[in-house]
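> Below you'll find protein.csv; it's CSV, C-alpha atoms and all ligand atoms.
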chain,number,residue,atom,x,y,z
A,1,MET,CA,40.7,41.3,-38.2
A,2,SER,CA,41.2,42.7,-41.7
A,3,GLU,CA,42.7,46.1,-42.0
A,4,THR,CA,42.0,48.2,-45.0
A,5,HIS,CA,44.0,51.2,-43.9
A,6,SER,CA,47.7,50.9,-43.0
A,7,ASN,CA,48.6,52.3,-39.6
A,8,PRO,CA,51.4,54.9,-39.5
A,9,LEU,CA,52.7,53.4,-36.3
A,10,ASP,CA,53.5,50.2,-38.3
A,11,ASP,CA,56.2,52.2,-40.1
A,12,PRO,CA,59.3,51.6,-37.9
A,13,ASN,CA,60.7,55.0,-39.0
A,14,ALA,CA,57.6,56.9,-37.7
A,15,ASN,CA,58.0,59.0,-34.6
A,16,PRO,CA,55.3,57.8,-32.3
A,17,PHE,CA,55.0,61.2,-30.6
A,18,GLU,CA,54.4,62.9,-34.0
A,19,VAL,CA,51.7,60.3,-34.7
A,20,ALA,CA,50.1,61.1,-31.4
A,21,ALA,CA,50.3,64.8,-32.1
A,22,ASP,CA,48.5,64.2,-35.4
A,23,ALA,CA,45.9,62.1,-33.6
A,24,ALA,CA,45.4,64.9,-31.0
A,25,ALA,CA,44.9,67.3,-33.9
A,26,ASP,CA,42.2,65.0,-35.4
A,27,ILE,CA,40.5,64.9,-32.0
A,28,ALA,CA,40.5,68.7,-31.7
A,29,ARG,CA,39.1,69.1,-35.2
A,30,LEU,CA,36.4,66.3,-34.8
A,31,THR,CA,35.3,67.3,-31.3
A,32,GLY,CA,35.8,71.1,-31.5
A,33,VAL,CA,37.5,70.9,-28.1
A,34,GLU,CA,41.0,72.4,-28.2
A,35,LYS,CA,42.2,71.0,-24.9
A,36,HIS,CA,41.1,68.0,-22.9
A,37,ASP,CA,41.8,68.0,-19.1
A,38,ILE,CA,41.4,64.4,-18.2
A,39,ALA,CA,41.6,61.2,-20.2
A,40,LEU,CA,39.8,58.0,-19.3
A,41,THR,CA,40.4,54.6,-20.7
A,42,LEU,CA,37.3,52.4,-20.1
A,43,GLY,CA,38.1,48.7,-19.8
A,44,SER,CA,35.7,45.7,-19.4
A,45,GLY,CA,32.8,46.6,-17.1
A,46,TRP,CA,33.5,50.4,-17.0
A,47,GLY,CA,31.8,51.5,-20.2
A,48,LYS,CA,28.6,53.0,-18.7
A,49,ALA,CA,30.6,55.6,-16.8
A,50,ALA,CA,30.8,57.6,-20.1
A,51,ASP,CA,27.0,58.1,-20.0
A,52,ILE,CA,27.0,59.6,-16.5
A,53,ILE,CA,30.2,61.7,-16.2
A,54,GLY,CA,28.6,64.6,-18.1
A,55,GLU,CA,27.3,65.6,-21.4
A,56,THR,CA,28.8,63.9,-24.5
A,57,THR,CA,29.6,66.7,-26.9
A,58,ALA,CA,31.2,64.5,-29.6
A,59,THR,CA,31.5,60.8,-30.4
A,60,ILE,CA,34.2,59.8,-32.9
A,61,PRO,CA,34.9,56.3,-34.4
A,62,ALA,CA,38.4,55.4,-33.4
A,63,THR,CA,39.1,54.6,-37.0
A,64,GLU,CA,38.9,58.3,-37.9
A,65,VAL,CA,41.8,59.2,-35.6
A,66,THR,CA,45.4,58.8,-36.8
A,67,GLY,CA,47.0,55.6,-35.5
A,68,PHE,CA,43.9,54.1,-33.9
A,69,SER,CA,42.3,50.8,-34.9
A,70,LYS,CA,39.1,48.9,-34.3
A,71,PRO,CA,39.0,47.0,-31.0
A,72,ALA,CA,39.5,43.3,-31.4
A,73,LEU,CA,37.2,42.3,-28.6
A,74,GLU,CA,33.6,42.0,-27.6
A,75,GLY,CA,32.8,44.2,-24.6
A,76,HIS,CA,35.2,46.9,-25.9
A,77,VAL,CA,33.9,50.0,-27.8
A,78,GLY,CA,35.7,51.5,-30.7
A,79,THR,CA,34.9,55.1,-30.1
A,80,LEU,CA,36.4,58.2,-28.6
A,81,ARG,CA,34.1,60.6,-26.8
A,82,SER,CA,34.5,64.1,-25.6
A,83,ILE,CA,32.5,64.8,-22.4
A,84,ARG,CA,31.9,68.0,-20.6
A,85,THR,CA,31.5,67.5,-16.8
A,86,PRO,CA,29.0,69.7,-14.8
A,87,ASP,CA,31.9,71.7,-13.5
A,88,GLY,CA,33.3,72.4,-17.0
A,89,LYS,CA,36.1,69.9,-17.4
A,90,ASN,CA,36.7,68.3,-20.8
A,91,VAL,CA,37.1,64.5,-20.5
A,92,LEU,CA,38.4,62.4,-23.3
A,93,VAL,CA,36.9,58.9,-23.0
A,94,ILE,CA,38.9,56.3,-24.8
A,95,GLY,CA,36.8,53.2,-25.5
A,96,ALA,CA,39.3,51.6,-27.9
A,97,ARG,CA,42.2,50.0,-26.2
A,98,THR,CA,44.8,48.0,-28.1
A,99,HIS,CA,46.1,45.1,-26.1
A,100,TYR,CA,49.6,43.8,-26.1
A,101,TYR,CA,48.4,40.3,-27.0
A,102,GLU,CA,47.0,41.6,-30.3
A,103,GLY,CA,50.6,41.5,-31.5
A,104,HIS,CA,50.8,45.0,-33.2
A,105,GLY,CA,53.6,46.0,-31.0
A,106,VAL,CA,53.9,48.3,-27.9
A,107,ARG,CA,53.7,51.5,-29.9
A,108,ARG,CA,50.2,50.7,-30.9
A,109,VAL,CA,49.3,49.7,-27.3
A,110,VAL,CA,50.3,53.1,-25.8
A,111,HIS,CA,49.2,55.3,-28.7
A,112,SER,CA,45.9,56.2,-27.0
A,113,VAL,CA,47.8,57.4,-23.9
A,114,ARG,CA,50.3,59.4,-25.9
A,115,THR,CA,47.4,60.9,-27.8
A,116,ALA,CA,45.6,61.8,-24.6
A,117,ALA,CA,48.7,63.6,-23.4
A,118,ALA,CA,48.9,65.4,-26.7
A,119,THR,CA,45.3,66.6,-26.3
A,120,GLY,CA,46.5,68.4,-23.1
A,121,ALA,CA,45.2,65.9,-20.5
A,122,GLU,CA,47.2,66.1,-17.3
A,123,ILE,CA,45.4,63.2,-15.6
A,124,MET,CA,45.1,59.7,-17.1
A,125,VAL,CA,42.6,57.4,-15.6
A,126,LEU,CA,43.2,53.8,-16.6
A,127,THR,CA,40.5,51.2,-15.9
A,128,ASN,CA,40.4,47.5,-16.6
A,129,GLY,CA,38.7,44.2,-15.8
A,130,ALA,CA,41.1,41.8,-14.1
A,131,GLY,CA,41.5,38.7,-11.9
A,132,GLY,CA,41.8,39.0,-8.2
A,133,VAL,CA,44.6,37.1,-6.3
A,134,ARG,CA,43.3,38.1,-2.8
A,135,GLU,CA,40.7,35.6,-1.5
A,136,THR,CA,38.9,38.3,0.3
A,137,TRP,CA,37.9,40.0,-2.9
A,138,THR,CA,34.7,39.1,-4.7
A,139,PRO,CA,33.8,39.4,-8.4
A,140,GLY,CA,32.2,42.7,-9.2
A,141,GLN,CA,34.4,44.6,-6.7
A,142,PRO,CA,36.4,47.7,-7.9
A,143,VAL,CA,39.9,48.2,-6.5
A,144,LEU,CA,42.5,50.9,-6.8
A,145,ILE,CA,45.8,50.1,-8.4
A,146,SER,CA,48.6,51.0,-6.0
A,147,ASP,CA,51.6,49.9,-8.1
A,148,HIS,CA,52.4,47.4,-10.8
A,149,ILE,CA,54.6,44.5,-11.8
A,150,ASN,CA,55.2,44.4,-15.5
A,151,LEU,CA,55.7,40.8,-16.6
A,152,THR,CA,55.5,41.5,-20.4
A,153,ALA,CA,59.3,41.8,-20.6
A,154,ASP,CA,58.6,44.8,-22.8
A,155,SER,CA,58.5,48.6,-22.4
A,156,PRO,CA,56.9,51.4,-24.3
A,157,LEU,CA,60.0,53.5,-23.9
A,158,GLU,CA,62.7,53.3,-26.5
A,159,GLY,CA,66.4,54.0,-26.2
A,160,ALA,CA,68.0,55.4,-23.0
A,161,THR,CA,64.8,56.8,-21.6
A,162,PHE,CA,65.2,56.4,-17.9
A,163,ILE,CA,61.9,57.3,-16.3
A,164,ASP,CA,61.2,57.3,-12.6
A,165,LEU,CA,58.2,55.1,-11.6
A,166,THR,CA,58.0,55.9,-7.9
A,167,ASP,CA,54.4,56.9,-7.1
A,168,LEU,CA,53.4,55.9,-10.7
A,169,TYR,CA,49.8,55.4,-9.5
A,170,SER,CA,49.5,58.8,-7.8
A,171,GLN,CA,49.0,58.7,-4.0
A,172,ARG,CA,47.3,62.1,-4.4
A,173,LEU,CA,44.7,60.7,-6.8
A,174,ARG,CA,44.1,57.5,-4.8
A,175,ASP,CA,43.4,59.7,-1.8
A,176,ILE,CA,40.8,61.6,-3.8
A,177,ALA,CA,39.2,58.3,-4.9
A,178,ARG,CA,39.1,57.2,-1.3
A,179,GLY,CA,37.5,60.4,-0.3
A,180,VAL,CA,34.7,59.4,-2.6
A,181,ASP,CA,34.5,55.8,-1.4
A,182,PRO,CA,36.5,55.1,1.8
A,183,SER,CA,35.8,51.3,1.4
A,184,LEU,CA,38.0,51.1,-1.8
A,185,ASP,CA,40.8,48.5,-1.3
A,186,GLU,CA,43.9,48.6,-3.4
A,187,GLY,CA,46.5,46.3,-4.8
A,188,VAL,CA,49.5,45.7,-7.1
A,189,TYR,CA,48.5,45.1,-10.7
A,190,THR,CA,50.5,42.4,-12.4
A,191,GLN,CA,50.5,42.5,-16.2
A,192,PHE,CA,50.9,39.2,-18.0
A,193,ARG,CA,51.2,39.1,-21.7
A,194,GLY,CA,48.0,37.0,-22.3
A,195,PRO,CA,45.8,36.3,-24.1
A,196,HIS,CA,45.5,33.0,-22.1
A,197,TYR,CA,44.7,33.4,-18.5
A,198,GLU,CA,47.3,32.3,-16.0
A,199,THR,CA,47.9,28.8,-14.8
A,200,PRO,CA,47.3,28.4,-11.0
A,201,ALA,CA,51.1,28.1,-10.6
A,202,GLU,CA,51.6,31.5,-12.3
A,203,VAL,CA,49.0,33.0,-10.1
A,204,GLN,CA,50.9,31.7,-7.1
A,205,MET,CA,54.1,33.2,-8.5
A,206,ALA,CA,52.3,36.6,-8.9
A,207,LYS,CA,51.2,36.3,-5.3
A,208,HIS,CA,54.6,35.5,-4.1
A,209,ILE,CA,56.3,38.4,-5.9
A,210,GLY,CA,53.7,40.8,-4.4
A,211,GLY,CA,50.9,40.9,-7.0
A,212,HIS,CA,47.3,41.2,-6.0
A,213,ILE,CA,45.6,41.7,-9.4
A,214,VAL,CA,46.3,39.9,-12.6
A,215,GLY,CA,45.5,41.4,-16.0
A,216,MET,CA,46.6,42.0,-19.6
A,217,SER,CA,46.7,45.8,-20.0
A,218,THR,CA,47.4,49.0,-18.0
A,219,ALA,CA,51.0,48.6,-16.8
A,220,LEU,CA,52.5,49.4,-20.2
A,221,GLU,CA,50.0,52.3,-20.6
A,222,ALA,CA,50.9,53.7,-17.2
A,223,ILE,CA,54.6,53.8,-18.1
A,224,ALA,CA,53.9,55.7,-21.3
A,225,ALA,CA,51.5,58.0,-19.4
A,226,ARG,CA,54.2,58.8,-16.9
A,227,GLU,CA,56.8,59.4,-19.7
A,228,ALA,CA,54.3,61.8,-21.2
A,229,GLY,CA,54.1,63.7,-17.8
A,230,MET,CA,50.6,62.7,-16.8
A,231,GLU,CA,49.4,61.9,-13.3
A,232,ILE,CA,47.8,58.4,-13.2
A,233,LEU,CA,44.8,56.9,-11.5
A,234,GLY,CA,44.2,53.2,-12.0
A,235,PHE,CA,41.1,51.1,-11.2
A,236,SER,CA,40.6,47.4,-11.7
A,237,LEU,CA,37.2,45.7,-11.7
A,238,ILE,CA,37.7,42.3,-10.2
A,239,THR,CA,35.6,40.2,-12.6
A,240,ASN,CA,36.9,36.9,-11.5
A,241,LEU,CA,39.2,35.4,-8.9
A,242,ALA,CA,42.5,34.4,-10.6
A,243,ALA,CA,43.0,30.8,-11.7
A,244,GLY,CA,43.4,28.4,-8.8
A,245,ILE,CA,42.1,31.0,-6.4
A,246,GLN,CA,38.6,30.4,-7.7
A,247,LYS,CA,38.0,26.7,-8.0
A,248,THR,CA,36.0,26.8,-11.3
A,249,PRO,CA,37.6,27.4,-14.7
A,250,LEU,CA,37.8,31.0,-16.0
A,251,SER,CA,35.7,32.0,-19.0
A,252,HIS,CA,35.4,35.2,-21.0
A,253,ALA,CA,31.6,34.9,-20.7
A,254,GLU,CA,31.9,35.0,-16.9
A,255,VAL,CA,34.1,38.0,-17.1
A,256,ILE,CA,31.6,39.8,-19.4
A,257,GLU,CA,28.7,38.9,-17.1
A,258,ALA,CA,30.5,40.1,-13.9
A,259,GLY,CA,31.2,43.3,-15.7
A,260,ARG,CA,27.7,43.8,-16.8
A,261,GLU,CA,26.3,43.3,-13.2
A,262,ALA,CA,28.9,45.6,-11.6
A,263,GLU,CA,28.7,48.2,-14.3
A,264,PRO,CA,26.0,50.6,-12.8
A,265,VAL,CA,27.7,50.7,-9.4
A,266,ILE,CA,31.3,51.1,-10.6
A,267,SER,CA,30.3,53.6,-13.3
A,268,ALA,CA,28.6,55.8,-10.7
A,269,LEU,CA,31.7,55.5,-8.5
A,270,LEU,CA,34.0,56.5,-11.4
A,271,ALA,CA,31.8,59.4,-12.4
A,272,ARG,CA,32.0,60.7,-8.8
A,273,VAL,CA,35.7,60.3,-8.7
A,274,VAL,CA,36.2,62.1,-12.0
A,275,GLU,CA,34.1,64.9,-10.6
A,276,ALA,CA,36.4,65.1,-7.6
A,277,LEU,CA,39.6,65.2,-9.6
A,301,LIG,I1,38.7,40.3,-16.9
A,301,LIG,O1,42.2,36.3,-14.4
A,301,LIG,C1,40.4,39.4,-16.6
A,301,LIG,N1,41.5,39.7,-17.2
A,301,LIG,N2,45.7,37.9,-16.8
A,301,LIG,N3,44.0,37.1,-15.6
A,301,LIG,C2,44.5,38.0,-16.5
A,301,LIG,N4,43.7,38.9,-17.1
A,301,LIG,C3,42.4,38.9,-16.8
A,301,LIG,C4,41.9,38.1,-15.8
A,301,LIG,C5,42.7,37.1,-15.2
A,301,LIG,N5,40.6,38.4,-15.7
Represent the structure contained in this file as structure tokens.


Amino acid sequence: MSETHSNPLDDPNANPFEVAADAAADIARLTGVEKHDIALTLGSGWGKAADIIGETTATIPATEVTGFSKPALEGHVGTLRSIRTPDGKNVLVIGARTHYYEGHGVRRVVHSVRTAAATGAEIMVLTNGAGGVRETWTPGQPVLISDHINLTADSPLEGATFIDLTDLYSQRLRDIARGVDPSLDEGVYTQFRGPHYETPAEVQMAKHIGGHIVGMSTALEAIAAREAGMEILGFSLITNLAAGIQKTPLSHAEVIEAGREAEPVISALLARVVEAL
């Protein structure tokens, strides 16, 4: 990906919270919405939710907001949208996730979350497409994230910033989601660095240490969201069973296809959950 504009977060002397405050000011100016109440990051398969949560009042290319960059990946949208729900909540929908495997550093990965907090959002909803470790799960199934294991060996926090991660994925918010769909299962999200999928042995390791979902995002974002004081709700769309759990090789095409098929159902679910928050 060629970048014509330099990103302020690439300056090691930049204060990432000041960059996020600048980004939030850009969003307020470009959307005309002074405060957002809920922020929503839409991962693979979840994109359609933006169309049914409410009325889109503004759509901004991510490249117009300080510190954001174009998404590197098919299936990801490079826009930020401001949506007004029927009951009057302002939802900031982030369709431009920067993944850790892109190699721009963890500050760039969590910039959208810090920006969401700076816009005033008290609730951060993180969604993703991921692999399932539990054999009982089937591709196309949404599951709640109950906790995570961060295998990136990195953190978005810098210095002696000791943040409590008990109840990181809020029990209160999971209960609300289950009120909408009592059949929702939940599991522990295990973030690998990627971009390769796991070996079957690595999936067995994840299983043995207590992981149920394998993915390449979300855990680092959740940590930053908690640092910023937000309450977090996490959803994974199981697009494939993890390597060795399913007997066929994994492919990005399969992941996109599973997402496409599940999209109407999980988007409707997410819209109902957002309404209930
Ligand atoms: I979609 O099986 C999706 N993302 N690490 N493993 C990891 N990330 C994923 C997978 C998977 N499927």

> Around ligand LIG 301 (chain A), at most 7 Å away and counting all atoms listed in the file, which residues are there? Put them as an mmCIF file with C-alpha atoms, in the coordinates of the input, please.


data_model
loop_
_atom_site.group_PDB
_atom_site.id
_atom_site.type_symbol
_atom_site.label_atom_id
_atom_site.label_comp_id
_atom_site.auth_asym_id
_atom_site.auth_seq_id
_atom_site.Cartn_x
_atom_site.Cartn_y
_atom_site.Cartn_z
ATOM 1 C CA SER A 44 35.700 45.700 -19.400
ATOM 2 C CA GLY A 129 38.700 44.200 -15.800
ATOM 3 C CA ALA A 130 41.100 41.800 -14.100
ATOM 4 C CA GLY A 131 41.500 38.700 -11.900
ATOM 5 C CA GLY A 132 41.800 39.000 -8.200
ATOM 6 C CA GLN A 191 50.500 42.500 -16.200
ATOM 7 C CA PHE A 192 50.900 39.200 -18.000
ATOM 8 C CA GLY A 194 48.000 37.000 -22.300
ATOM 9 C CA TYR A 197 44.700 33.400 -18.500
ATOM 10 C CA GLU A 198 47.300 32.300 -16.000
ATOM 11 C CA VAL A 214 46.300 39.900 -12.600
ATOM 12 C CA GLY A 215 45.500 41.400 -16.000
ATOM 13 C CA MET A 216 46.600 42.000 -19.600
ATOM 14 C CA THR A 239 35.600 40.200 -12.600
ATOM 15 C CA ASN A 240 36.900 36.900 -11.500
ATOM 16 C CA LEU A 241 39.200 35.400 -8.900
ATOM 17 C CA ALA A 242 42.500 34.400 -10.600
ATOM 18 C CA ALA A 243 43.000 30.800 -11.700
ATOM 19 C CA VAL A 255 34.100 38.000 -17.100
#

> Quote the spacing between CA of Arg107 (chain A) and CA of Ser155 (chain A) in Å to one decimal place.

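Those two atoms sit 9.4 Å apart.
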
> May I ask which of the residues A:Leu277, A:Leu220, A:Leu80, A:Ile266 is the closest one to Val110 (chain A), counting all atoms listed in the file?

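Checking each candidate against Val110 (chain A), we get A:Leu220 as the closest.
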
> Could you give me, as an MDAnalysis selection string, the residues that have an atom at most 9 Å away from the point (55.3, 57.9, -8.8) in the coordinates of the file, using all atoms listed in the file?

chainID A and resid 147 164:171 226 231:232

> Quick one: of A:Glu221, A:Glu227, A:Asp10, A:Asp22, who's nearest to Gly103 (chain A), counting only C-alpha atoms?

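Of A:Glu221, A:Glu227, A:Asp10, A:Asp22, the one nearest Gly103 (chain A) is A:Asp10, counting only C-alpha atoms.
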
> Can you work out which one of A:Glu64, A:Glu202, A:Asp51, A:Glu257 has the shortest atom-to-atom distance to Val133 (chain A), counting all atoms listed in the file?

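Among the listed residues, A:Glu202 lies closest to Val133 (chain A).
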
> Extending 6 Å beyond the listed atoms of region 239-244 of chain A on each side, what axis-aligned box results? I want centre and edge lengths in Å to one decimal, as JSON.


{"center_x": 39.5, "center_y": 34.3, "center_z": -10.7, "size_x": 19.8, "size_y": 23.8, "size_z": 15.8}

> For each of A:Ala96, A:Pro139, A:Arg272, A:Asp185, take the minimum atom-to-atom distance to Ile256 (chain A), counting all atoms listed in the file, then give the residue where this is smallest.

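Checking each of A:Ala96, A:Pro139, A:Arg272, A:Asp185 against Ile256 (chain A), counting all atoms listed in the file, the winner is A:Pro139.
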
> Which residue out of A:Ile209, A:Met230, A:Val125, A:Ala153 has the minimum interatomic distance to Val106 (chain A) when only C-alpha atoms are used?

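So, comparing all the options, the nearest one is A:Ala153.
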
> For Asn15 (chain A), which of A:Ser69, A:Ser146, A:Glu158, A:Tyr100 is the closest residue, counting only C-alpha atoms?

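Of the candidates, the smallest distance to Asn15 (chain A) is held by A:Glu158.
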
> Would you work out the distance separating CA of Glu261 (chain A) from CA of Ile149 (chain A), expressed in Å to one decimal?

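Answer for the CA of Glu261 (chain A) to CA of Ile149 (chain A) separation: 28.4 Å.
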
> Report the distance between CA of Leu40 (chain A) and CA of Val203 (chain A) in Å, rounded to one decimal place.

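Calculated distance between CA of Leu40 (chain A) and CA of Val203 (chain A) is 28.2 Å.
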
> For the interface of region 36-127 of chain A with region 27-31 of chain A (cut-off 8 Å, counting all atoms listed in the file), please tabulate each contacting residue of region 36-127 of chain A alongside its nearest pair of atoms and their separation in Å to one decimal, rows sorted by chain and increasing number, as a tab-separated table.


residue	atom	partner	partner_atom	distance
A:Thr57	CA	A:Thr31	CA	7.2
A:Ala58	CA	A:Thr31	CA	5.2
A:Thr59	CA	A:Thr31	CA	7.6
A:Ile60	CA	A:Leu30	CA	7.1
A:Val65	CA	A:Ile27	CA	6.9
A:Ser82	CA	A:Thr31	CA	6.6
A:Thr119	CA	A:Ala28	CA	7.5

> Would you list the contacts of Ala224 (chain A) as an MDAnalysis selection string, taking every protein, DNA or RNA residue within 8 Å and counting all atoms listed in the file, but skipping same-chain residues closer than 6 positions in sequence?

chainID A and resid 110 113:114 156:157

> Give me the residues within 10 Å of Val265 (chain A) as a PyMOL selection string, counting all atoms listed in the file and dropping any in the same chain fewer than 5 places off.

chain A and resi 46+48-49+140-142+270

> Is there a way to get, as a PyMOL selection string, all residues within 9 Å of the point (31.1, 50.3, -20.0) in file coordinates, counting only C-alpha atoms?

chain A and resi 42-51+75-77+95+259-260+263-264+267

> Hey, what's within 10 Å of Leu144 (chain A) if we count all atoms listed in the file and toss same-chain stuff fewer than 6 positions away? As an mmCIF file with C-alpha atoms, keeping the file's coordinate frame, please?


data_model
loop_
_atom_site.group_PDB
_atom_site.id
_atom_site.type_symbol
_atom_site.label_atom_id
_atom_site.label_comp_id
_atom_site.auth_asym_id
_atom_site.auth_seq_id
_atom_site.Cartn_x
_atom_site.Cartn_y
_atom_site.Cartn_z
ATOM 1 C CA THR A 127 40.500 51.200 -15.900
ATOM 2 C CA TYR A 169 49.800 55.400 -9.500
ATOM 3 C CA ARG A 174 44.100 57.500 -4.800
ATOM 4 C CA ALA A 177 39.200 58.300 -4.900
ATOM 5 C CA ARG A 178 39.100 57.200 -1.300
ATOM 6 C CA LEU A 184 38.000 51.100 -1.800
ATOM 7 C CA ASP A 185 40.800 48.500 -1.300
ATOM 8 C CA GLU A 186 43.900 48.600 -3.400
ATOM 9 C CA GLY A 187 46.500 46.300 -4.800
ATOM 10 C CA VAL A 188 49.500 45.700 -7.100
ATOM 11 C CA TYR A 189 48.500 45.100 -10.700
ATOM 12 C CA LEU A 233 44.800 56.900 -11.500
ATOM 13 C CA GLY A 234 44.200 53.200 -12.000
ATOM 14 C CA PHE A 235 41.100 51.100 -11.200
ATOM 15 C CA SER A 236 40.600 47.400 -11.700
ATOM 16 C CA LEU A 237 37.200 45.700 -11.700
#
